[in-house]
2 protein chains.
Amino acid sequence: MTADILDGKAFALGLRGMVAQQTAQLKARHGLVPGLTVVIVGDDPASQIYVRNKGKVAAEMGFLSDTIRLAEDTSQERLLDVIHGLNNDPAVHGILVQLPVPAQIDEGAVILAIDPNKDVDGLHPINAGRLSSGQNAMVPCTPLGCSMLLADRFGAGGMAGKRAVMVGRSNLVGKPMAQLLLAEHCTVTIAHSRTRDLPVLCAEADILVAAIGRAEMLGGDCIKPGAVVIDVGMNRLELDDGKARLCGDVNFDQAKEIAAAITPVPGGVGPMTIACLMVNTVTAACWAGGIDGAMAN
Amino acid sequence: MTADILDGKAFALGLRGMVAQQTAQLKARHGLVPGLTVVIVGDDPASQIYVRNKGKVAAEMGFLSDTIRLAEDTSQERLLDVIHGLNNDPAVHGILVQLPVPAQIDEGAVILAIDPNKDVDGLHPINAGRLSSGQNAMVPCTPLGCSMLLADRFGAGGMAGKRAVMVGRSNLVGKPMAQLLLAEHCTVTIAHSRTRDLPVLCAEADILVAAIGRAEMLGGDCIKPGAVVIDVGMNRLELDDGKARLCGDVNFDQAKEIAAAITPVPGGVGPMTIACLMVNTVTAACWAGGIDGAMAN
């Protein structure tokens, strides 16, 4: 038996279609145009690509989309000024500062400066706290995308009582994902670099989410037969012939023979992340407009 | 072999002594007197006792201690006015609104109204978020007390890699306790009412924390030999002879034959909670005074 492939690319396309549709409705019914502004500091080539892509998708959604490009040597004070301006701009519903920022800028100060209700990356501590305490929150895009794939697989209430193991405990993925799994009434274990007997632990998981950042670290011995596996990893594996290929944190070829369902890399979680940024922007616009039409949460 | 008894009563007394000492130093060196104001709405007899006790201990610490008593029919608006006044009072470093509040008042609105830096109960979502993302936070008193007992037992770094199972997922105890265990690098599982095979799961725990609220629900079959058991429960068990006794969520008599160490009920976690309220008040006073002398966090 081979696992079902959880096609994040297709799911994300559908999700983007729904966002575009809801955006059109918000315009028609409420005169509200979701606005997303991305701020990038410096010239990191990978960041430039990400930012361009976000702007492109936002425009496709029908958003008012803007990108603010600041020089590599921008001071923290200047960046905070820009953020405060966006906080006060009623046309801007979502603010995303592309990370990492150059060394002269304190990332924590940047995150704290963003209005939590416009924090479409979900990184402000108050959003982490809202999520933890069961209130409406901006949820970081990657775990939100993972939870949508899981909700689609399991259906309403279908995760209750399942054993979930979250490998990784970052503020961006592991911790919010654990909260989302807990909200679905999973029994949730958070594992990390200090965890002992990781394969044994993982092999108990009905739902295994890997966000480690190490190529194919979780082999077939980590997979429970019939598990649903969500692979957040996106690693570059150098091959003997000098070429390279992208892979996840899970050994896909081994896992797919054991799991019931698994996300591929690429084409699994990755495409969900940017789609969920669009979802969060619509949610933020609905909050700002006092409209009970948030797609997520 | 019988388990070591983790004597929370004795530990809390020592902690209170340290708080009193630090309070004296803050006065002498900085002219700073930690101020704790407790607000109680209505006449619930149990709440009255708790509030009286908190005021008494605060006075013993040398704090500027105040209790504001509001009538049962106080409006939410009036209570929020009182809270805003305390937020703006520089002599007040800690604000505690005794819960529950009467039905006409929204508990969530009360929690959100308290200045997070004066939120000595640690219930504001931003404090939950700060704790989750590893920043300085006001940590709810009960989990803070549990983590101090564990830190005392295991020593610095001694919990890293241990399997910890937190039974209960309340915002007041379970969720923040899970974060504290994670910060100590435990592999943390959060179990709850929807968890399947709870005894098997608990019996894997090197550190077992129970905050369920059901008398002696966890029996000897839930205890791993050599585990350290923290029992947050405080239940009234009616006896056949018409009398009653207090007991925890763990069957103490069974567990003490298997565990390496266990908190008794009463005399375990309970006394730590009020002592940690005093710790939090000193921490809040240090934050307000810009003094790097917080005892906890």
# chains A, B, ... in the order shown; residues from 1 in each chain; ligands from 1
$ closest_atom_pairs --of "chain B" --to "chain A" --cutoff "7 Å" --atoms "only C-alpha atoms" --output "tab-separated table"
residue	atom	partner	partner_atom	distance
B:Pro125	CA	A:Gly129	CA	4.3
B:Ile126	CA	A:Ile126	CA	4.3
B:Asn127	CA	A:Gly129	CA	6.8
B:Ala128	CA	A:Gly129	CA	4.6
B:Gly129	CA	A:Gly129	CA	3.7
B:Arg130	CA	A:Pro125	CA	5.4
B:Ser133	CA	A:Asn171	CA	5.9
B:Ala160	CA	A:Arg194	CA	6.6
B:Gly161	CA	A:Thr195	CA	5.0
B:Asn171	CA	A:Ser133	CA	5.9
B:His185	CA	A:Arg194	CA	6.4
B:Thr187	CA	A:Ala191	CA	5.2
B:Val188	CA	A:Ile190	CA	5.4
B:Thr189	CA	A:Thr189	CA	4.0
B:Ile190	CA	A:Val188	CA	5.4
B:Ala191	CA	A:Thr187	CA	5.2
B:Arg194	CA	A:Gly161	CA	5.1
B:Thr195	CA	A:Gly161	CA	5.0
B:Arg196	CA	A:Gly161	CA	6.0
$ select_by_dssp --residues "region 93-199 of chain A" --states "helix (DSSP H, G or I)" --output "mmCIF file with N, CA and C atoms, in the first residue's frame"
data_model
loop_
_atom_site.group_PDB
_atom_site.id
_atom_site.type_symbol
_atom_site.label_atom_id
_atom_site.label_comp_id
_atom_site.auth_asym_id
_atom_site.auth_seq_id
_atom_site.Cartn_x
_atom_site.Cartn_y
_atom_site.Cartn_z
ATOM 1 N N GLU A 107 15.234 42.113 15.424
ATOM 2 C CA GLU A 107 14.049 41.456 14.879
ATOM 3 C C GLU A 107 12.881 41.500 15.860
ATOM 4 N N GLY A 108 13.189 41.281 17.160
ATOM 5 C CA GLY A 108 12.135 41.293 18.182
ATOM 6 C C GLY A 108 11.421 42.633 18.240
ATOM 7 N N ALA A 109 12.199 43.720 18.131
ATOM 8 C CA ALA A 109 11.594 45.058 18.186
ATOM 9 C C ALA A 109 10.679 45.276 16.984
ATOM 10 N N VAL A 110 11.079 44.747 15.847
ATOM 11 C CA VAL A 110 10.262 44.872 14.639
ATOM 12 C C VAL A 110 8.936 44.148 14.822
ATOM 13 N N ILE A 111 9.017 42.928 15.330
ATOM 14 C CA ILE A 111 7.800 42.125 15.517
ATOM 15 C C ILE A 111 6.846 42.822 16.486
ATOM 16 N N LEU A 112 7.407 43.374 17.573
ATOM 17 C CA LEU A 112 6.567 44.043 18.574
ATOM 18 C C LEU A 112 5.959 45.335 18.047
ATOM 19 N N ALA A 113 6.588 45.924 17.027
ATOM 20 C CA ALA A 113 6.107 47.216 16.519
ATOM 21 C C ALA A 113 4.868 47.064 15.640
ATOM 22 N N PRO A 116 -0.804 44.124 16.216
ATOM 23 C CA PRO A 116 -1.132 42.683 16.226
ATOM 24 C C PRO A 116 -2.271 42.317 15.285
ATOM 25 N N ASN A 117 -3.193 43.237 15.072
ATOM 26 C CA ASN A 117 -4.319 42.937 14.177
ATOM 27 C C ASN A 117 -3.940 43.019 12.700
ATOM 28 N N LYS A 118 -2.742 43.531 12.422
ATOM 29 C CA LYS A 118 -2.243 43.569 11.038
ATOM 30 C C LYS A 118 -1.079 42.599 10.844
ATOM 31 N N PRO A 125 3.854 38.391 19.952
ATOM 32 C CA PRO A 125 3.538 37.539 21.107
ATOM 33 C C PRO A 125 2.061 37.547 21.484
ATOM 34 N N ILE A 126 1.389 38.674 21.256
ATOM 35 C CA ILE A 126 -0.031 38.674 21.642
ATOM 36 C C ILE A 126 -0.824 37.737 20.746
ATOM 37 N N ASN A 127 -0.383 37.554 19.523
ATOM 38 C CA ASN A 127 -1.061 36.568 18.686
ATOM 39 C C ASN A 127 -0.765 35.145 19.155
ATOM 40 N N ALA A 128 0.472 34.900 19.585
ATOM 41 C CA ALA A 128 0.785 33.587 20.168
ATOM 42 C C ALA A 128 -0.079 33.347 21.405
ATOM 43 N N GLY A 129 -0.254 34.403 22.208
ATOM 44 C CA GLY A 129 -1.063 34.268 23.418
ATOM 45 C C GLY A 129 -2.538 34.076 23.119
ATOM 46 N N ARG A 130 -3.038 34.812 22.136
ATOM 47 C CA ARG A 130 -4.441 34.636 21.739
ATOM 48 C C ARG A 130 -4.677 33.218 21.245
ATOM 49 N N LEU A 131 -3.761 32.733 20.434
ATOM 50 C CA LEU A 131 -3.893 31.361 19.917
ATOM 51 C C LEU A 131 -3.900 30.370 21.067
ATOM 52 N N SER A 132 -2.958 30.561 21.984
ATOM 53 C CA SER A 132 -2.849 29.646 23.122
ATOM 54 C C SER A 132 -4.101 29.671 23.984
ATOM 55 N N CYS A 141 1.495 31.552 9.051
ATOM 56 C CA CYS A 141 0.962 30.981 7.810
ATOM 57 C C CYS A 141 1.280 29.499 7.626
ATOM 58 N N THR A 142 2.498 29.088 7.964
ATOM 59 C CA THR A 142 2.856 27.694 7.709
ATOM 60 C C THR A 142 2.042 26.731 8.570
ATOM 61 N N PRO A 143 1.990 26.913 9.895
ATOM 62 C CA PRO A 143 1.132 26.000 10.671
ATOM 63 C C PRO A 143 -0.346 26.109 10.289
ATOM 64 N N LEU A 144 -0.793 27.302 9.921
ATOM 65 C CA LEU A 144 -2.188 27.424 9.476
ATOM 66 C C LEU A 144 -2.424 26.555 8.246
ATOM 67 N N GLY A 145 -1.469 26.590 7.323
ATOM 68 C CA GLY A 145 -1.580 25.747 6.134
ATOM 69 C C GLY A 145 -1.571 24.268 6.473
ATOM 70 N N CYS A 146 -0.690 23.869 7.385
ATOM 71 C CA CYS A 146 -0.640 22.459 7.812
ATOM 72 C C CYS A 146 -1.977 22.042 8.411
ATOM 73 N N SER A 147 -2.540 22.913 9.242
ATOM 74 C CA SER A 147 -3.783 22.539 9.919
ATOM 75 C C SER A 147 -4.934 22.452 8.927
ATOM 76 N N MET A 148 -4.874 23.251 7.858
ATOM 77 C CA MET A 148 -5.917 23.145 6.827
ATOM 78 C C MET A 148 -5.811 21.816 6.081
ATOM 79 N N LEU A 149 -4.601 21.398 5.774
ATOM 80 C CA LEU A 149 -4.424 20.101 5.116
ATOM 81 C C LEU A 149 -4.934 18.974 6.027
ATOM 82 N N LEU A 150 -4.655 19.087 7.311
ATOM 83 C CA LEU A 150 -5.109 18.063 8.248
ATOM 84 C C LEU A 150 -6.632 18.078 8.393
ATOM 85 N N ALA A 151 -7.196 19.283 8.487
ATOM 86 C CA ALA A 151 -8.653 19.384 8.630
ATOM 87 C C ALA A 151 -9.347 18.796 7.411
ATOM 88 N N ASP A 152 -8.744 19.008 6.243
ATOM 89 C CA ASP A 152 -9.308 18.457 5.010
ATOM 90 C C ASP A 152 -9.250 16.927 5.027
ATOM 91 N N ARG A 153 -8.168 16.406 5.539
ATOM 92 C CA ARG A 153 -7.991 14.951 5.585
ATOM 93 C C ARG A 153 -8.920 14.293 6.603
ATOM 94 N N PHE A 154 -9.005 14.899 7.793
ATOM 95 C CA PHE A 154 -9.711 14.237 8.901
ATOM 96 C C PHE A 154 -11.180 14.632 9.006
ATOM 97 N N GLY A 174 6.624 25.224 15.119
ATOM 98 C CA GLY A 174 6.358 24.158 16.092
ATOM 99 C C GLY A 174 5.381 24.537 17.189
ATOM 100 N N LYS A 175 5.635 25.683 17.831
ATOM 101 C CA LYS A 175 4.762 26.037 18.960
ATOM 102 C C LYS A 175 3.335 26.357 18.519
ATOM 103 N N PRO A 176 3.148 27.211 17.486
ATOM 104 C CA PRO A 176 1.753 27.434 17.077
ATOM 105 C C PRO A 176 1.081 26.175 16.536
ATOM 106 N N MET A 177 1.836 25.336 15.843
ATOM 107 C CA MET A 177 1.243 24.089 15.322
ATOM 108 C C MET A 177 0.763 23.222 16.474
ATOM 109 N N ALA A 178 1.560 23.142 17.541
ATOM 110 C CA ALA A 178 1.146 22.357 18.713
ATOM 111 C C ALA A 178 -0.164 22.896 19.280
ATOM 112 N N GLN A 179 -0.303 24.212 19.305
ATOM 113 C CA GLN A 179 -1.549 24.803 19.818
ATOM 114 C C GLN A 179 -2.732 24.462 18.905
ATOM 115 N N LEU A 180 -2.494 24.494 17.607
ATOM 116 C CA LEU A 180 -3.579 24.173 16.671
ATOM 117 C C LEU A 180 -4.008 22.714 16.810
ATOM 118 N N LEU A 181 -3.036 21.825 16.994
ATOM 119 C CA LEU A 181 -3.362 20.408 17.183
ATOM 120 C C LEU A 181 -4.119 20.200 18.492
ATOM 121 N N LEU A 182 -3.707 20.939 19.515
ATOM 122 C CA LEU A 182 -4.379 20.851 20.813
ATOM 123 C C LEU A 182 -5.815 21.356 20.697
ATOM 124 N N ALA A 183 -6.002 22.416 19.925
ATOM 125 C CA ALA A 183 -7.353 22.958 19.747
ATOM 126 C C ALA A 183 -8.255 21.960 19.030
ATOM 127 N N LEU A 198 13.806 9.611 19.654
ATOM 128 C CA LEU A 198 12.863 10.287 18.763
ATOM 129 C C LEU A 198 12.105 9.315 17.851
ATOM 130 N N PRO A 199 12.777 8.324 17.225
ATOM 131 C CA PRO A 199 12.020 7.418 16.345
ATOM 132 C C PRO A 199 10.890 6.689 17.074
#
$ select_by_dssp --residues "region 25-94 of chain B" --states "strand (DSSP E)" --output "list in words"
Gly35, Leu36, Thr37, Val38, Val39, Ile40, Val41, Leu64, Ser65, Asp66, Thr67, Ile68, Arg69, Leu70 and Gly94 of chain B
$ write_last_selection --atoms "C-alpha atoms" --output "PDB file, in the first residue's frame"
ATOM      1  CA  GLY B  35       2.585  47.279  45.725  1.00  0.00           C
ATOM      2  CA  LEU B  36      -0.068  44.594  45.299  1.00  0.00           C
ATOM      3  CA  THR B  37      -3.739  45.430  44.967  1.00  0.00           C
ATOM      4  CA  VAL B  38      -6.342  42.695  45.027  1.00  0.00           C
ATOM      5  CA  VAL B  39      -9.807  43.432  43.681  1.00  0.00           C
ATOM      6  CA  ILE B  40     -12.756  41.314  44.716  1.00  0.00           C
ATOM      7  CA  VAL B  41     -16.302  41.650  43.431  1.00  0.00           C
ATOM      8  CA  LEU B  64       2.137  48.084  50.053  1.00  0.00           C
ATOM      9  CA  SER B  65      -0.935  45.884  50.113  1.00  0.00           C
ATOM     10  CA  ASP B  66      -4.461  46.929  49.343  1.00  0.00           C
ATOM     11  CA  THR B  67      -7.777  45.190  48.821  1.00  0.00           C
ATOM     12  CA  ILE B  68     -10.613  46.810  46.907  1.00  0.00           C
ATOM     13  CA  ARG B  69     -13.989  45.260  47.700  1.00  0.00           C
ATOM     14  CA  LEU B  70     -16.782  45.897  45.214  1.00  0.00           C
ATOM     15  CA  GLY B  94       0.643  44.048  40.794  1.00  0.00           C
TER      16      GLY B  94
END
$ residues_around --residues "Pro225 (chain A)" --least-positions-apart "3" --cutoff "8 Å" --atoms "only C-alpha atoms" --output "PyMOL selection string"
chain A and resi 258-260
$ residues_around --residues "Lys224 (chain A)" --least-positions-apart "2" --cutoff "7 Å" --atoms "only C-alpha atoms" --output "PyMOL selection string"
chain A and resi 203-206+222+226-227+258-259
$ write_last_selection --atoms "all heavy atoms" --output "PDB file, in the first residue's frame"
ATOM      1  N   ALA A 203       7.007   7.159  16.105  1.00  0.00           N
ATOM      2  CA  ALA A 203       6.276   5.978  15.637  1.00  0.00           C
ATOM      3  C   ALA A 203       4.995   5.735  16.427  1.00  0.00           C
ATOM      4  O   ALA A 203       4.226   4.836  16.103  1.00  0.00           O
ATOM      5  CB  ALA A 203       7.179   4.742  15.690  1.00  0.00           C
ATOM      6  N   GLU A 204       4.754   6.538  17.459  1.00  0.00           N
ATOM      7  CA  GLU A 204       3.479   6.469  18.191  1.00  0.00           C
ATOM      8  C   GLU A 204       2.446   7.445  17.618  1.00  0.00           C
ATOM      9  O   GLU A 204       1.292   7.452  18.054  1.00  0.00           O
ATOM     10  CB  GLU A 204       3.688   6.812  19.672  1.00  0.00           C
ATOM     11  CG  GLU A 204       4.540   5.799  20.422  1.00  0.00           C
ATOM     12  CD  GLU A 204       4.831   6.240  21.865  1.00  0.00           C
ATOM     13  OE1 GLU A 204       4.406   7.351  22.249  1.00  0.00           O
ATOM     14  OE2 GLU A 204       5.486   5.471  22.576  1.00  0.00           O
ATOM     15  N   ALA A 205       2.880   8.254  16.665  1.00  0.00           N
ATOM     16  CA  ALA A 205       2.037   9.375  16.228  1.00  0.00           C
ATOM     17  C   ALA A 205       1.041   8.971  15.149  1.00  0.00           C
ATOM     18  O   ALA A 205       1.424   8.459  14.098  1.00  0.00           O
ATOM     19  CB  ALA A 205       2.913  10.513  15.706  1.00  0.00           C
ATOM     20  N   ASP A 206      -0.231   9.254  15.404  1.00  0.00           N
ATOM     21  CA  ASP A 206      -1.241   9.160  14.340  1.00  0.00           C
ATOM     22  C   ASP A 206      -1.069  10.323  13.366  1.00  0.00           C
ATOM     23  O   ASP A 206      -1.390  10.215  12.194  1.00  0.00           O
ATOM     24  CB  ASP A 206      -2.647   9.232  14.951  1.00  0.00           C
ATOM     25  CG  ASP A 206      -2.882   8.152  15.989  1.00  0.00           C
ATOM     26  OD1 ASP A 206      -2.650   6.972  15.655  1.00  0.00           O
ATOM     27  OD2 ASP A 206      -3.260   8.479  17.123  1.00  0.00           O
ATOM     28  N   CYS A 222      10.359   5.907  11.907  1.00  0.00           N
ATOM     29  CA  CYS A 222       9.680   6.969  12.666  1.00  0.00           C
ATOM     30  C   CYS A 222       8.192   7.050  12.336  1.00  0.00           C
ATOM     31  O   CYS A 222       7.490   7.916  12.857  1.00  0.00           O
ATOM     32  CB  CYS A 222      10.315   8.323  12.359  1.00  0.00           C
ATOM     33  SG  CYS A 222      12.032   8.443  12.867  1.00  0.00           S
ATOM     34  N   GLY A 226      -0.208   3.764   8.929  1.00  0.00           N
ATOM     35  CA  GLY A 226      -1.487   4.474   8.867  1.00  0.00           C
ATOM     36  C   GLY A 226      -1.433   5.917   9.324  1.00  0.00           C
ATOM     37  O   GLY A 226      -2.465   6.591   9.357  1.00  0.00           O
ATOM     38  N   ALA A 227      -0.257   6.393   9.672  1.00  0.00           N
ATOM     39  CA  ALA A 227      -0.139   7.780  10.132  1.00  0.00           C
ATOM     40  C   ALA A 227      -0.368   8.772   9.004  1.00  0.00           C
ATOM     41  O   ALA A 227      -0.241   8.428   7.823  1.00  0.00           O
ATOM     42  CB  ALA A 227       1.252   8.012  10.736  1.00  0.00           C
ATOM     43  N   ILE A 258       4.494   3.348   4.417  1.00  0.00           N
ATOM     44  CA  ILE A 258       3.990   3.025   5.760  1.00  0.00           C
ATOM     45  C   ILE A 258       2.816   3.922   6.155  1.00  0.00           C
ATOM     46  O   ILE A 258       1.840   3.473   6.736  1.00  0.00           O
ATOM     47  CB  ILE A 258       5.136   3.185   6.801  1.00  0.00           C
ATOM     48  CG1 ILE A 258       6.367   2.384   6.346  1.00  0.00           C
ATOM     49  CG2 ILE A 258       4.682   2.741   8.184  1.00  0.00           C
ATOM     50  CD1 ILE A 258       7.634   2.728   7.099  1.00  0.00           C
ATOM     51  N   ALA A 259       2.927   5.198   5.812  1.00  0.00           N
ATOM     52  CA  ALA A 259       1.899   6.170   6.209  1.00  0.00           C
ATOM     53  C   ALA A 259       0.624   5.978   5.398  1.00  0.00           C
ATOM     54  O   ALA A 259       0.636   5.347   4.338  1.00  0.00           O
ATOM     55  CB  ALA A 259       2.436   7.589   6.009  1.00  0.00           C
TER      56      ALA A 259
END
$ residues_around --residues "Thr273 (chain A)" --least-positions-apart "4" --cutoff "12 Å" --atoms "only C-alpha atoms" --output "MDAnalysis selection string"
chainID A and resid 8:9 11:13 15:16 50 53:54 57 120:121 139:149 172:173 232 267:269 277:280
$ write_last_selection --atoms "C-alpha atoms" --output "short mmCIF file (atom, residue, chain, number, x, y, z; two decimals), in the first residue's frame"
data_model
loop_
_atom_site.label_atom_id
_atom_site.label_comp_id
_atom_site.auth_asym_id
_atom_site.auth_seq_id
_atom_site.Cartn_x
_atom_site.Cartn_y
_atom_site.Cartn_z
CA GLY A 8 -0.66 21.08 -1.17
CA LYS A 9 -0.18 22.69 -4.53
CA PHE A 11 -5.18 22.64 -2.29
CA ALA A 12 -3.43 26.00 -2.23
CA LEU A 13 -4.72 26.83 -5.70
CA LEU A 15 -7.68 28.22 -1.45
CA ARG A 16 -6.37 31.11 -3.51
CA TYR A 50 9.87 35.57 -1.78
CA ASN A 53 6.10 36.23 -5.26
CA LYS A 54 3.98 37.46 -2.34
CA VAL A 57 -0.11 36.54 -5.57
CA VAL A 120 -0.34 38.57 9.03
CA ASP A 121 2.81 36.58 9.86
CA VAL A 139 -1.89 32.36 13.12
CA PRO A 140 1.51 31.98 11.42
CA CYS A 141 0.96 30.98 7.81
CA THR A 142 2.86 27.69 7.71
CA PRO A 143 1.13 26.00 10.67
CA LEU A 144 -2.19 27.42 9.48
CA GLY A 145 -1.58 25.75 6.13
CA CYS A 146 -0.64 22.46 7.81
CA SER A 147 -3.78 22.54 9.92
CA MET A 148 -5.92 23.15 6.83
CA LEU A 149 -4.42 20.10 5.12
CA LEU A 172 7.08 30.26 13.69
CA VAL A 173 6.02 26.64 13.25
CA VAL A 232 7.33 21.21 6.75
CA GLY A 267 4.39 20.67 -3.51
CA GLY A 268 3.08 19.96 -0.01
CA VAL A 269 3.23 22.51 2.77
CA LEU A 277 -0.77 34.70 3.96
CA MET A 278 -3.60 35.71 1.65
CA VAL A 279 -6.15 34.13 4.00
CA ASN A 280 -4.68 36.07 6.92
#
$ atom_distance --atom1 "CA of Gly289 (chain B)" --atom2 "CA of Met61 (chain B)"
18.1 Å
$ residues_around --residues "Lys27 (chain B)" --least-positions-apart "5" --cutoff "12 Å" --atoms "only C-alpha atoms" --output "list in words"
Ala20, Gln21, Gln22, Leu32, Val33, Pro34, Gly35, Met61, Gly62, Phe63, Leu64, Val282, Ala285, Cys286 and Gly289 of chain B
$ atom_distance --atom1 "CA of Asn87 (chain B)" --atom2 "CA of Asp115 (chain B)"
5.8 Å
